[in-house]
file my_file23.cif (mmCIF, C-alpha atoms and all ligand atoms)
data_run
loop_
_atom_site.label_atom_id
_atom_site.label_comp_id
_atom_site.auth_asym_id
_atom_site.auth_seq_id
_atom_site.Cartn_x
_atom_site.Cartn_y
_atom_site.Cartn_z
CA MET S 1482 0.00 0.00 0.00
CA ASN S 1483 1.23 3.51 -0.71
CA ASP S 1484 0.56 6.60 1.40
CA ARG S 1485 -2.08 8.16 -0.83
CA PRO S 1486 -5.34 8.76 1.00
CA ARG S 1487 -7.89 6.07 0.24
CA ILE S 1488 -10.63 8.66 -0.23
CA GLN S 1489 -10.05 11.32 -2.86
CA VAL S 1490 -12.13 14.21 -4.18
CA HIS S 1491 -11.94 15.14 -7.85
CA THR S 1492 -13.74 17.81 -9.86
CA GLY S 1493 -14.65 16.84 -13.41
CA ASP S 1494 -16.43 14.41 -15.70
CA ILE S 1495 -16.63 10.86 -14.34
CA THR S 1496 -16.61 9.40 -17.88
CA LYS S 1497 -12.97 10.46 -18.24
CA LEU S 1498 -11.67 8.58 -15.21
CA ALA S 1499 -9.42 5.58 -15.82
CA VAL S 1500 -10.44 3.66 -12.71
CA ASP S 1501 -11.51 0.03 -12.42
CA ALA S 1502 -15.17 0.98 -11.95
CA ILE S 1503 -17.25 4.11 -12.22
CA VAL S 1504 -20.64 4.22 -10.56
CA ASN S 1505 -23.66 5.42 -12.51
CA ALA S 1506 -26.59 7.26 -10.88
CA ALA S 1507 -29.16 5.40 -12.95
CA ASN S 1508 -32.93 4.92 -12.80
CA THR S 1509 -34.84 1.66 -12.19
CA SER S 1510 -35.07 0.87 -15.91
CA LEU S 1511 -31.26 0.97 -16.36
CA LEU S 1512 -31.92 2.05 -19.94
CA GLY S 1513 -30.29 5.46 -19.74
CA GLY S 1514 -31.49 8.96 -18.96
CA GLY S 1515 -30.09 12.46 -18.44
CA GLY S 1516 -27.37 13.78 -16.13
CA VAL S 1517 -24.45 11.51 -15.36
CA ASP S 1518 -26.40 8.49 -16.68
CA GLY S 1519 -26.73 10.08 -20.12
CA ALA S 1520 -23.07 11.08 -20.14
CA ILE S 1521 -21.96 7.53 -19.25
CA HIS S 1522 -24.15 5.93 -21.92
CA ARG S 1523 -22.94 8.40 -24.56
CA ALA S 1524 -19.29 7.82 -23.72
CA ALA S 1525 -19.56 4.02 -23.39
CA GLY S 1526 -21.43 3.53 -26.67
CA ARG S 1527 -24.53 1.53 -27.61
CA GLU S 1528 -23.17 -1.78 -26.37
CA LEU S 1529 -23.66 -0.58 -22.80
CA GLU S 1530 -27.37 -0.17 -23.42
CA PHE S 1531 -27.53 -3.65 -24.98
CA GLU S 1532 -25.98 -5.18 -21.87
CA CYS S 1533 -28.25 -3.09 -19.60
CA ARG S 1534 -31.32 -4.43 -21.41
CA MET S 1535 -30.42 -7.92 -20.21
CA LEU S 1536 -30.40 -6.90 -16.55
CA ASN S 1537 -34.15 -6.45 -16.02
CA GLY S 1538 -33.79 -3.13 -14.24
CA CYS S 1539 -32.59 -2.40 -10.73
CA LYS S 1540 -34.37 -1.53 -7.49
CA VAL S 1541 -33.77 1.70 -5.58
CA GLY S 1542 -30.82 1.19 -3.23
CA GLU S 1543 -29.48 -1.79 -5.22
CA ALA S 1544 -26.69 -2.03 -7.83
CA LYS S 1545 -25.76 -4.03 -10.93
CA ILE S 1546 -22.50 -4.24 -12.86
CA THR S 1547 -21.68 -4.13 -16.59
CA LYS S 1548 -18.57 -3.74 -18.67
CA GLY S 1549 -17.33 -0.23 -19.47
CA TYR S 1550 -17.08 -0.67 -23.27
CA GLU S 1551 -15.59 2.53 -24.75
CA LEU S 1552 -15.03 4.15 -21.36
CA PRO S 1553 -11.57 4.23 -19.83
CA ALA S 1554 -13.15 2.47 -16.82
CA ARG S 1555 -13.27 -1.35 -16.97
CA TYR S 1556 -16.72 -1.59 -15.36
CA VAL S 1557 -19.80 0.51 -14.76
CA ILE S 1558 -21.70 -0.15 -11.54
CA HIS S 1559 -25.27 1.05 -11.99
CA THR S 1560 -27.09 2.03 -8.84
CA VAL S 1561 -30.45 3.73 -8.33
CA GLY S 1562 -30.64 6.48 -5.76
CA PRO S 1563 -33.83 7.54 -4.00
CA VAL S 1564 -35.90 10.48 -5.21
CA TRP S 1565 -35.92 13.07 -2.40
CA GLN S 1566 -39.41 13.26 -0.91
CA GLY S 1567 -38.68 15.30 2.21
CA GLY S 1568 -36.58 12.77 4.11
CA GLY S 1569 -39.34 10.70 5.71
CA LYS S 1570 -39.46 7.90 3.15
CA GLY S 1571 -36.26 6.09 4.03
CA GLU S 1572 -34.19 8.19 1.64
CA ALA S 1573 -31.08 8.22 3.87
CA GLU S 1574 -31.02 4.42 4.25
CA LEU S 1575 -31.62 3.92 0.55
CA LEU S 1576 -28.86 6.33 -0.40
CA ALA S 1577 -26.41 4.64 2.00
CA SER S 1578 -27.42 1.30 0.51
CA CYS S 1579 -26.45 2.54 -2.99
CA TYR S 1580 -22.89 3.14 -1.77
CA ILE S 1581 -22.68 -0.17 0.12
CA ARG S 1582 -24.10 -2.34 -2.69
CA SER S 1583 -21.83 -0.62 -5.22
CA LEU S 1584 -18.75 -1.21 -3.07
CA GLU S 1585 -19.74 -4.84 -2.52
CA LEU S 1586 -19.98 -5.36 -6.29
CA ALA S 1587 -16.68 -3.56 -6.82
CA THR S 1588 -15.00 -5.82 -4.27
CA ALA S 1589 -16.54 -8.96 -5.75
CA ASN S 1590 -15.11 -7.94 -9.13
CA ASP S 1591 -11.61 -7.17 -7.82
CA CYS S 1592 -11.85 -3.44 -8.42
CA ARG S 1593 -9.02 -1.60 -6.71
CA THR S 1594 -10.20 1.86 -7.72
CA VAL S 1595 -13.79 3.11 -7.81
CA ALA S 1596 -15.30 6.52 -8.58
CA PHE S 1597 -18.71 7.73 -7.46
CA PRO S 1598 -20.78 10.68 -8.67
CA ALA S 1599 -22.98 12.54 -6.15
CA ILE S 1600 -25.86 10.04 -6.38
CA SER S 1601 -29.41 11.48 -6.20
CA THR S 1602 -28.28 15.12 -5.95
CA GLY S 1603 -29.31 16.15 -9.47
CA VAL S 1604 -32.67 15.24 -10.99
CA TYR S 1605 -33.58 13.31 -7.80
CA ARG S 1606 -33.13 16.50 -5.69
CA TYR S 1607 -31.47 15.02 -2.60
CA PRO S 1608 -30.07 17.96 -0.55
CA LYS S 1609 -26.37 18.13 -1.36
CA ASP S 1610 -25.00 18.60 2.15
CA GLU S 1611 -26.93 15.64 3.58
CA ALA S 1612 -26.12 13.44 0.59
CA THR S 1613 -22.42 14.29 0.90
CA GLN S 1614 -22.35 13.34 4.57
CA ILE S 1615 -24.01 10.00 3.83
CA ALA S 1616 -21.64 9.30 0.92
CA VAL S 1617 -18.48 10.06 2.89
CA ASP S 1618 -19.57 8.31 6.11
CA THR S 1619 -20.80 5.19 4.33
CA VAL S 1620 -17.75 4.80 2.10
CA SER S 1621 -15.27 5.44 4.91
CA THR S 1622 -17.00 2.94 7.21
CA PHE S 1623 -16.99 0.34 4.43
CA ILE S 1624 -13.34 0.67 3.46
CA GLU S 1625 -11.89 0.99 6.96
CA LYS S 1626 -12.85 -2.63 7.65
CA ARG S 1627 -11.43 -3.91 4.36
CA THR S 1628 -8.39 -3.66 2.10
CA MET S 1629 -10.48 -3.37 -1.08
CA PRO S 1630 -11.20 -1.17 -2.88
CA GLU S 1631 -7.85 0.49 -2.33
CA ALA S 1632 -9.03 3.95 -3.38
CA VAL S 1633 -12.40 5.63 -3.80
CA THR S 1634 -12.78 8.88 -5.70
CA PHE S 1635 -15.75 11.18 -5.23
CA CYS S 1636 -16.09 12.72 -8.67
CA CYS S 1637 -17.89 16.07 -8.38
CA PHE S 1638 -19.16 17.89 -11.41
CA ASP S 1639 -18.63 21.37 -9.95
CA ASP S 1640 -16.32 23.09 -7.45
CA GLN S 1641 -19.09 23.80 -4.96
CA THR S 1642 -19.91 20.12 -4.60
CA ALA S 1643 -16.21 19.24 -4.41
CA GLU S 1644 -15.80 21.73 -1.56
CA LEU S 1645 -18.63 20.04 0.38
CA TYR S 1646 -16.90 16.69 -0.07
CA ARG S 1647 -13.51 18.08 0.93
CA GLN S 1648 -14.97 19.46 4.15
CA ALA S 1649 -16.69 16.15 4.95
CA VAL S 1650 -13.49 14.18 4.27
CA ALA S 1651 -11.41 16.61 6.36
CA ALA S 1652 -13.87 16.27 9.27
CA LEU S 1653 -13.47 12.53 9.05
CA ARG S 1654 -9.70 12.79 9.33
CA LYS S 1655 -9.93 15.08 12.37
CA GLY S 1656 -12.53 12.94 14.09
N1 LIG N 1701 -19.60 13.43 -14.20
C1 LIG N 1701 -19.76 13.54 -12.86
N2 LIG N 1701 -20.87 14.02 -12.28
C2 LIG N 1701 -21.89 14.40 -13.09
C3 LIG N 1701 -21.82 14.30 -14.50
C4 LIG N 1701 -20.61 13.80 -15.06
N3 LIG N 1701 -20.44 13.64 -16.38
N4 LIG N 1701 -23.00 14.77 -15.02
C5 LIG N 1701 -23.76 15.13 -13.98
N5 LIG N 1701 -23.10 14.94 -12.82
P1 LIG N 1701 -28.04 13.20 -11.85
P2 LIG N 1701 -29.66 11.67 -9.88
C6 LIG N 1701 -23.55 15.16 -11.42
O1 LIG N 1701 -29.20 14.06 -12.15
O2 LIG N 1701 -29.97 12.91 -9.11
C7 LIG N 1701 -30.89 10.49 -14.78
O3 LIG N 1701 -31.76 10.92 -15.78
C8 LIG N 1701 -24.66 16.16 -11.19
O4 LIG N 1701 -24.14 17.48 -11.14
O5 LIG N 1701 -27.22 12.70 -12.96
O6 LIG N 1701 -29.24 10.45 -9.13
C9 LIG N 1701 -31.09 9.02 -14.42
O7 LIG N 1701 -31.46 8.25 -15.54
C10 LIG N 1701 -25.18 15.70 -9.83
O8 LIG N 1701 -24.40 16.27 -8.77
O9 LIG N 1701 -28.50 11.88 -11.00
C11 LIG N 1701 -32.19 9.08 -13.40
O10 LIG N 1701 -33.46 9.16 -14.01
C12 LIG N 1701 -24.94 14.19 -9.84
O11 LIG N 1701 -24.09 13.94 -10.96
C13 LIG N 1701 -31.91 10.38 -12.67
O12 LIG N 1701 -31.20 11.21 -13.58
C14 LIG N 1701 -26.18 13.36 -9.96
O13 LIG N 1701 -27.13 13.99 -10.81
C15 LIG N 1701 -31.03 10.16 -11.46
O14 LIG N 1701 -30.93 11.36 -10.75
#

call {"tool": "encode", "arguments": {"input": "my_file23.cif", "output": "structure tokens"}}
result
Amino acid sequence: MNDRPRIQVHTGDITKLAVDAIVNAANTSLLGGGGVDGAIHRAAGRELEFECRMLNGCKVGEAKITKGYELPARYVIHTVGPVWQGGGKGEAELLASCYIRSLELATANDCRTVAFPAISTGVYRYPKDEATQIAVDTVSTFIEKRTMPEAVTFCCFDDQTAELYRQAVAALRKG
């Protein structure tokens, strides 16, 4: 193991990352959509959609894995975040479950490096600060008990989101 922190924060487009697996914030159909889902399908090419068609969708809080096709990433892990409905419909547990199920699949497929977008914080309207806290807490709890994945990148699309993640990661290191 080297000394690089196991949790990293990156600002940019997740489709450009040459990691073992990128995570997609998909919908239950797994057949593509807007936001990061649309960007991943565009960059991976039509074969990704063909493989997704075979998967029979995915439940909220669960995850499924495909190949990465034309992406630099070897795999795409598709997970479905909860739609924000005010916080009283189990959204926090479902969002945490997205991170856990994705990391379990990554581990089962020998992925050393994994990148996550900010699941549910776009079209699904999950408040960014709460979603960030859940993402960072859940991932750090998962990896501290295991050696894999070796590194997890939170890939933020804008600087404001990246700053939220940096603060949450820094708080973790102090705590
Ligand atoms: N790289 C990294 N992050 C991105 C990228 C990108 N290329 N593009 C957007 N984001 P969203 P959701 C950020 O709406 O809220 C889709 O239509 C974006 O700024 O993509 O989980 C699906 O098919 C935001 O912070 O996902 C579903 O129907 C984050 O990714 C629905 O949207 C998530 O925003 C899922 O909604």

call {"tool": "atom_distance", "arguments": {"input": "my_file23.cif", "atom1": "CA of Ile1581 in chain S", "atom2": "CA of Arg1654 in chain S"}}
result
20.5 Å

call {"tool": "axis_aligned_box", "arguments": {"input": "my_file23.cif", "around": "ligand LIG 1701 (chain N)", "padding_each_side": "4 Å", "output": "JSON"}}
result
{"center_x": -26.5, "center_y": 12.9, "center_z": -12.6, "size_x": 21.9, "size_y": 17.2, "size_z": 15.6}

call {"tool": "closest_atom_pairs", "arguments": {"input": "my_file23.cif", "of": "chain S", "to": "ligand LIG 1701 (chain N)", "cutoff": "9 Å", "atoms": "all atoms listed in the file", "output": "JSON lines"}}
result
{"residue": "S:Thr1492", "atom": "CA", "partner": "N:LIG1701", "partner_atom": "C1", "distance": 8.0}
{"residue": "S:Gly1493", "atom": "CA", "partner": "N:LIG1701", "partner_atom": "N1", "distance": 6.1}
{"residue": "S:Asp1494", "atom": "CA", "partner": "N:LIG1701", "partner_atom": "N1", "distance": 3.6}
{"residue": "S:Ile1495", "atom": "CA", "partner": "N:LIG1701", "partner_atom": "N1", "distance": 3.9}
{"residue": "S:Thr1496", "atom": "CA", "partner": "N:LIG1701", "partner_atom": "N3", "distance": 5.9}
{"residue": "S:Lys1497", "atom": "CA", "partner": "N:LIG1701", "partner_atom": "N1", "distance": 8.3}
{"residue": "S:Asn1505", "atom": "CA", "partner": "N:LIG1701", "partner_atom": "O5", "distance": 8.1}
{"residue": "S:Ala1506", "atom": "CA", "partner": "N:LIG1701", "partner_atom": "O6", "distance": 4.5}
{"residue": "S:Ala1507", "atom": "CA", "partner": "N:LIG1701", "partner_atom": "C9", "distance": 4.4}
{"residue": "S:Asn1508", "atom": "CA", "partner": "N:LIG1701", "partner_atom": "C11", "distance": 4.3}
{"residue": "S:Thr1509", "atom": "CA", "partner": "N:LIG1701", "partner_atom": "O10", "distance": 7.8}
{"residue": "S:Ser1510", "atom": "CA", "partner": "N:LIG1701", "partner_atom": "O7", "distance": 8.2}
{"residue": "S:Leu1511", "atom": "CA", "partner": "N:LIG1701", "partner_atom": "O7", "distance": 7.3}
{"residue": "S:Leu1512", "atom": "CA", "partner": "N:LIG1701", "partner_atom": "O7", "distance": 7.6}
{"residue": "S:Gly1513", "atom": "CA", "partner": "N:LIG1701", "partner_atom": "O7", "distance": 5.2}
{"residue": "S:Gly1514", "atom": "CA", "partner": "N:LIG1701", "partner_atom": "O7", "distance": 3.5}
{"residue": "S:Gly1515", "atom": "CA", "partner": "N:LIG1701", "partner_atom": "O3", "distance": 3.5}
{"residue": "S:Gly1516", "atom": "CA", "partner": "N:LIG1701", "partner_atom": "O5", "distance": 3.4}
{"residue": "S:Val1517", "atom": "CA", "partner": "N:LIG1701", "partner_atom": "N4", "distance": 3.6}
{"residue": "S:Asp1518", "atom": "CA", "partner": "N:LIG1701", "partner_atom": "O7", "distance": 5.2}
{"residue": "S:Gly1519", "atom": "CA", "partner": "N:LIG1701", "partner_atom": "O3", "distance": 6.7}
{"residue": "S:Ala1520", "atom": "CA", "partner": "N:LIG1701", "partner_atom": "N3", "distance": 5.3}
{"residue": "S:Ile1521", "atom": "CA", "partner": "N:LIG1701", "partner_atom": "N3", "distance": 6.9}
{"residue": "S:Thr1560", "atom": "CA", "partner": "N:LIG1701", "partner_atom": "O6", "distance": 8.7}
{"residue": "S:Val1561", "atom": "CA", "partner": "N:LIG1701", "partner_atom": "O6", "distance": 6.9}
{"residue": "S:Gly1562", "atom": "CA", "partner": "N:LIG1701", "partner_atom": "O6", "distance": 5.4}
{"residue": "S:Pro1563", "atom": "CA", "partner": "N:LIG1701", "partner_atom": "O6", "distance": 7.5}
{"residue": "S:Val1564", "atom": "CA", "partner": "N:LIG1701", "partner_atom": "O14", "distance": 7.5}
{"residue": "S:Trp1565", "atom": "CA", "partner": "N:LIG1701", "partner_atom": "O2", "distance": 9.0}
{"residue": "S:Phe1597", "atom": "CA", "partner": "N:LIG1701", "partner_atom": "C1", "distance": 8.0}
{"residue": "S:Pro1598", "atom": "CA", "partner": "N:LIG1701", "partner_atom": "N2", "distance": 4.9}
{"residue": "S:Ala1599", "atom": "CA", "partner": "N:LIG1701", "partner_atom": "C12", "distance": 4.5}
{"residue": "S:Ile1600", "atom": "CA", "partner": "N:LIG1701", "partner_atom": "O6", "distance": 4.4}
{"residue": "S:Ser1601", "atom": "CA", "partner": "N:LIG1701", "partner_atom": "O6", "distance": 3.1}
{"residue": "S:Thr1602", "atom": "CA", "partner": "N:LIG1701", "partner_atom": "O2", "distance": 4.2}
{"residue": "S:Gly1603", "atom": "CA", "partner": "N:LIG1701", "partner_atom": "O2", "distance": 3.3}
{"residue": "S:Val1604", "atom": "CA", "partner": "N:LIG1701", "partner_atom": "O1", "distance": 3.8}
{"residue": "S:Tyr1605", "atom": "CA", "partner": "N:LIG1701", "partner_atom": "O2", "distance": 3.9}
{"residue": "S:Arg1606", "atom": "CA", "partner": "N:LIG1701", "partner_atom": "O2", "distance": 5.9}
{"residue": "S:Tyr1607", "atom": "CA", "partner": "N:LIG1701", "partner_atom": "O2", "distance": 7.0}
{"residue": "S:Lys1609", "atom": "CA", "partner": "N:LIG1701", "partner_atom": "O8", "distance": 7.9}
{"residue": "S:Phe1635", "atom": "CA", "partner": "N:LIG1701", "partner_atom": "C1", "distance": 8.9}
{"residue": "S:Cys1636", "atom": "CA", "partner": "N:LIG1701", "partner_atom": "C1", "distance": 5.6}
{"residue": "S:Cys1637", "atom": "CA", "partner": "N:LIG1701", "partner_atom": "N2", "distance": 5.3}
{"residue": "S:Phe1638", "atom": "CA", "partner": "N:LIG1701", "partner_atom": "N2", "distance": 4.3}
{"residue": "S:Asp1639", "atom": "CA", "partner": "N:LIG1701", "partner_atom": "O4", "distance": 6.8}
{"residue": "S:Thr1642", "atom": "CA", "partner": "N:LIG1701", "partner_atom": "O8", "distance": 7.2}

call {"tool": "atom_distance", "arguments": {"input": "my_file23.cif", "atom1": "CA of Phe1531 in chain S", "atom2": "CA of Ile1546 in chain S"}}
result
13.1 Å

call {"tool": "closest_atom_pairs", "arguments": {"input": "my_file23.cif", "of": "range 1566-1613 of chain S", "to": "range 1541-1545 of chain S", "cutoff": "6 Å", "atoms": "all atoms listed in the file", "output": "tab-separated table"}}
result
residue	atom	partner	partner_atom	distance
S:Leu1575	CA	S:Gly1542	CA	4.7
S:Ser1578	CA	S:Gly1542	CA	5.1
S:Cys1579	CA	S:Gly1542	CA	4.6
S:Arg1582	CA	S:Ala1544	CA	5.8
S:Ser1583	CA	S:Ala1544	CA	5.7

call {"tool": "closest_residue", "arguments": {"input": "my_file23.cif", "among": "S:Ala1596, S:Leu1536, S:Leu1529, S:Ala1651", "to": "Val1633 in chain S", "atoms": "all atoms listed in the file"}}
result
S:Ala1596

call {"tool": "closest_residue", "arguments": {"input": "my_file23.cif", "among": "S:Arg1593, S:Cys1533, S:Lys1655, S:Phe1623", "to": "Ile1503 in chain S", "atoms": "all atoms listed in the file"}}
result
S:Arg1593

call {"tool": "residues_near_point", "arguments": {"input": "my_file23.cif", "point": "(-34.2, 14.0, 2.8)", "cutoff": "9 Å", "atoms": "only C-alpha atoms", "output": "VMD selection string"}}
result
chain S and resid 1564 to 1573 1606 to 1608 1611 to 1612

call {"tool": "closest_residue", "arguments": {"input": "my_file23.cif", "among": "S:Arg1627, S:Arg1534, S:Arg1485, S:Arg1527", "to": "Gly1549 in chain S", "atoms": "all atoms listed in the file"}}
result
S:Arg1527

call {"tool": "atom_distance", "arguments": {"input": "my_file23.cif", "atom1": "CA of His1491 in chain S", "atom2": "CA of Ile1615 in chain S"}}
result
17.6 Å

call {"tool": "closest_residue", "arguments": {"input": "my_file23.cif", "among": "S:Thr1613, S:Leu1576, S:Glu1532, S:Leu1584", "to": "Ala1643 in chain S", "atoms": "all atoms listed in the file"}}
result
S:Thr1613

call {"tool": "closest_residue", "arguments": {"input": "my_file23.cif", "among": "S:Ile1488, S:Thr1634, S:Met1629, S:Gln1614", "to": "Ala1649 in chain S", "atoms": "only C-alpha atoms"}}
result
S:Gln1614

call {"tool": "residues_around", "arguments": {"input": "my_file23.cif", "residues": "Arg1555 in chain S", "least_positions_apart": "5", "cutoff": "9 Å", "atoms": "all atoms listed in the file", "output": "PyMOL selection string"}}
result
chain S and resi 1499-1503+1547-1550+1592

call {"tool": "write_last_selection", "arguments": {"input": "my_file23.cif", "atoms": "C-alpha atoms", "output": "PDB file, keeping the file's coordinate frame"}}
result
ATOM      1  CA  ALA S1499      -9.420   5.580 -15.820  1.00  0.00           C
ATOM      2  CA  VAL S1500     -10.440   3.660 -12.710  1.00  0.00           C
ATOM      3  CA  ASP S1501     -11.510   0.030 -12.420  1.00  0.00           C
ATOM      4  CA  ALA S1502     -15.170   0.980 -11.950  1.00  0.00           C
ATOM      5  CA  ILE S1503     -17.250   4.110 -12.220  1.00  0.00           C
ATOM      6  CA  THR S1547     -21.680  -4.130 -16.590  1.00  0.00           C
ATOM      7  CA  LYS S1548     -18.570  -3.740 -18.670  1.00  0.00           C
ATOM      8  CA  GLY S1549     -17.330  -0.230 -19.470  1.00  0.00           C
ATOM      9  CA  TYR S1550     -17.080  -0.670 -23.270  1.00  0.00           C
ATOM     10  CA  CYS S1592     -11.850  -3.440  -8.420  1.00  0.00           C
TER      11      CYS S1592
END

call {"tool": "closest_residue", "arguments": {"input": "my_file23.cif", "among": "S:His1522, S:Pro1553, S:Thr1588, S:Glu1530", "to": "Ile1624 in chain S", "atoms": "only C-alpha atoms"}}
result
S:Thr1588

call {"tool": "decode", "arguments": {"input": "my_file23.cif", "residues": "range 1576-1592 of chain S", "atoms": "N, CA, C and O atoms", "output": "PDB file, in the first residue's frame"}}
result
ATOM      1  N   LEU S1576     -30.058   5.741   0.195  1.00  0.00           N
ATOM      2  CA  LEU S1576     -28.861   6.332  -0.398  1.00  0.00           C
ATOM      3  C   LEU S1576     -27.609   5.627   0.132  1.00  0.00           C
ATOM      4  O   LEU S1576     -26.707   5.282  -0.642  1.00  0.00           O
ATOM      5  N   ALA S1577     -27.559   5.371   1.433  1.00  0.00           N
ATOM      6  CA  ALA S1577     -26.408   4.644   2.004  1.00  0.00           C
ATOM      7  C   ALA S1577     -26.285   3.270   1.349  1.00  0.00           C
ATOM      8  O   ALA S1577     -25.181   2.809   1.030  1.00  0.00           O
ATOM      9  N   SER S1578     -27.414   2.621   1.126  1.00  0.00           N
ATOM     10  CA  SER S1578     -27.420   1.302   0.508  1.00  0.00           C
ATOM     11  C   SER S1578     -26.817   1.337  -0.902  1.00  0.00           C
ATOM     12  O   SER S1578     -26.126   0.388  -1.307  1.00  0.00           O
ATOM     13  N   CYS S1579     -27.062   2.412  -1.647  1.00  0.00           N
ATOM     14  CA  CYS S1579     -26.451   2.537  -2.985  1.00  0.00           C
ATOM     15  C   CYS S1579     -24.931   2.446  -2.891  1.00  0.00           C
ATOM     16  O   CYS S1579     -24.289   1.765  -3.707  1.00  0.00           O
ATOM     17  N   TYR S1580     -24.351   3.146  -1.915  1.00  0.00           N
ATOM     18  CA  TYR S1580     -22.889   3.137  -1.770  1.00  0.00           C
ATOM     19  C   TYR S1580     -22.399   1.758  -1.327  1.00  0.00           C
ATOM     20  O   TYR S1580     -21.408   1.240  -1.850  1.00  0.00           O
ATOM     21  N   ILE S1581     -23.122   1.146  -0.386  1.00  0.00           N
ATOM     22  CA  ILE S1581     -22.683  -0.169   0.123  1.00  0.00           C
ATOM     23  C   ILE S1581     -22.793  -1.233  -0.974  1.00  0.00           C
ATOM     24  O   ILE S1581     -21.840  -1.986  -1.223  1.00  0.00           O
ATOM     25  N   ARG S1582     -23.922  -1.318  -1.628  1.00  0.00           N
ATOM     26  CA  ARG S1582     -24.104  -2.336  -2.685  1.00  0.00           C
ATOM     27  C   ARG S1582     -23.083  -2.141  -3.804  1.00  0.00           C
ATOM     28  O   ARG S1582     -22.571  -3.113  -4.370  1.00  0.00           O
ATOM     29  N   SER S1583     -22.807  -0.894  -4.153  1.00  0.00           N
ATOM     30  CA  SER S1583     -21.830  -0.618  -5.219  1.00  0.00           C
ATOM     31  C   SER S1583     -20.438  -1.078  -4.792  1.00  0.00           C
ATOM     32  O   SER S1583     -19.707  -1.685  -5.579  1.00  0.00           O
ATOM     33  N   LEU S1584     -20.073  -0.798  -3.552  1.00  0.00           N
ATOM     34  CA  LEU S1584     -18.750  -1.205  -3.070  1.00  0.00           C
ATOM     35  C   LEU S1584     -18.649  -2.724  -2.952  1.00  0.00           C
ATOM     36  O   LEU S1584     -17.588  -3.304  -3.212  1.00  0.00           O
ATOM     37  N   GLU S1585     -19.747  -3.369  -2.580  1.00  0.00           N
ATOM     38  CA  GLU S1585     -19.739  -4.838  -2.524  1.00  0.00           C
ATOM     39  C   GLU S1585     -19.501  -5.426  -3.916  1.00  0.00           C
ATOM     40  O   GLU S1585     -18.722  -6.364  -4.078  1.00  0.00           O
ATOM     41  N   LEU S1586     -20.178  -4.878  -4.912  1.00  0.00           N
ATOM     42  CA  LEU S1586     -19.982  -5.360  -6.286  1.00  0.00           C
ATOM     43  C   LEU S1586     -18.565  -5.079  -6.767  1.00  0.00           C
ATOM     44  O   LEU S1586     -17.955  -5.911  -7.448  1.00  0.00           O
ATOM     45  N   ALA S1587     -18.053  -3.906  -6.432  1.00  0.00           N
ATOM     46  CA  ALA S1587     -16.683  -3.557  -6.818  1.00  0.00           C
ATOM     47  C   ALA S1587     -15.706  -4.565  -6.216  1.00  0.00           C
ATOM     48  O   ALA S1587     -14.817  -5.085  -6.905  1.00  0.00           O
ATOM     49  N   THR S1588     -15.883  -4.874  -4.954  1.00  0.00           N
ATOM     50  CA  THR S1588     -14.996  -5.818  -4.267  1.00  0.00           C
ATOM     51  C   THR S1588     -15.098  -7.203  -4.897  1.00  0.00           C
ATOM     52  O   THR S1588     -14.078  -7.859  -5.156  1.00  0.00           O
ATOM     53  N   ALA S1589     -16.327  -7.632  -5.177  1.00  0.00           N
ATOM     54  CA  ALA S1589     -16.539  -8.965  -5.755  1.00  0.00           C
ATOM     55  C   ALA S1589     -15.896  -9.075  -7.136  1.00  0.00           C
ATOM     56  O   ALA S1589     -15.588 -10.177  -7.597  1.00  0.00           O
ATOM     57  N   ASN S1590     -15.705  -7.941  -7.789  1.00  0.00           N
ATOM     58  CA  ASN S1590     -15.105  -7.941  -9.130  1.00  0.00           C
ATOM     59  C   ASN S1590     -13.658  -7.442  -9.122  1.00  0.00           C
ATOM     60  O   ASN S1590     -13.141  -7.009 -10.157  1.00  0.00           O
ATOM     61  N   ASP S1591     -13.028  -7.509  -7.965  1.00  0.00           N
ATOM     62  CA  ASP S1591     -11.607  -7.169  -7.815  1.00  0.00           C
ATOM     63  C   ASP S1591     -11.250  -5.753  -8.256  1.00  0.00           C
ATOM     64  O   ASP S1591     -10.157  -5.532  -8.801  1.00  0.00           O
ATOM     65  N   CYS S1592     -12.149  -4.827  -8.050  1.00  0.00           N
ATOM     66  CA  CYS S1592     -11.848  -3.435  -8.420  1.00  0.00           C
ATOM     67  C   CYS S1592     -11.022  -2.787  -7.306  1.00  0.00           C
ATOM     68  O   CYS S1592     -11.452  -2.729  -6.166  1.00  0.00           O
TER      69      CYS S1592
END
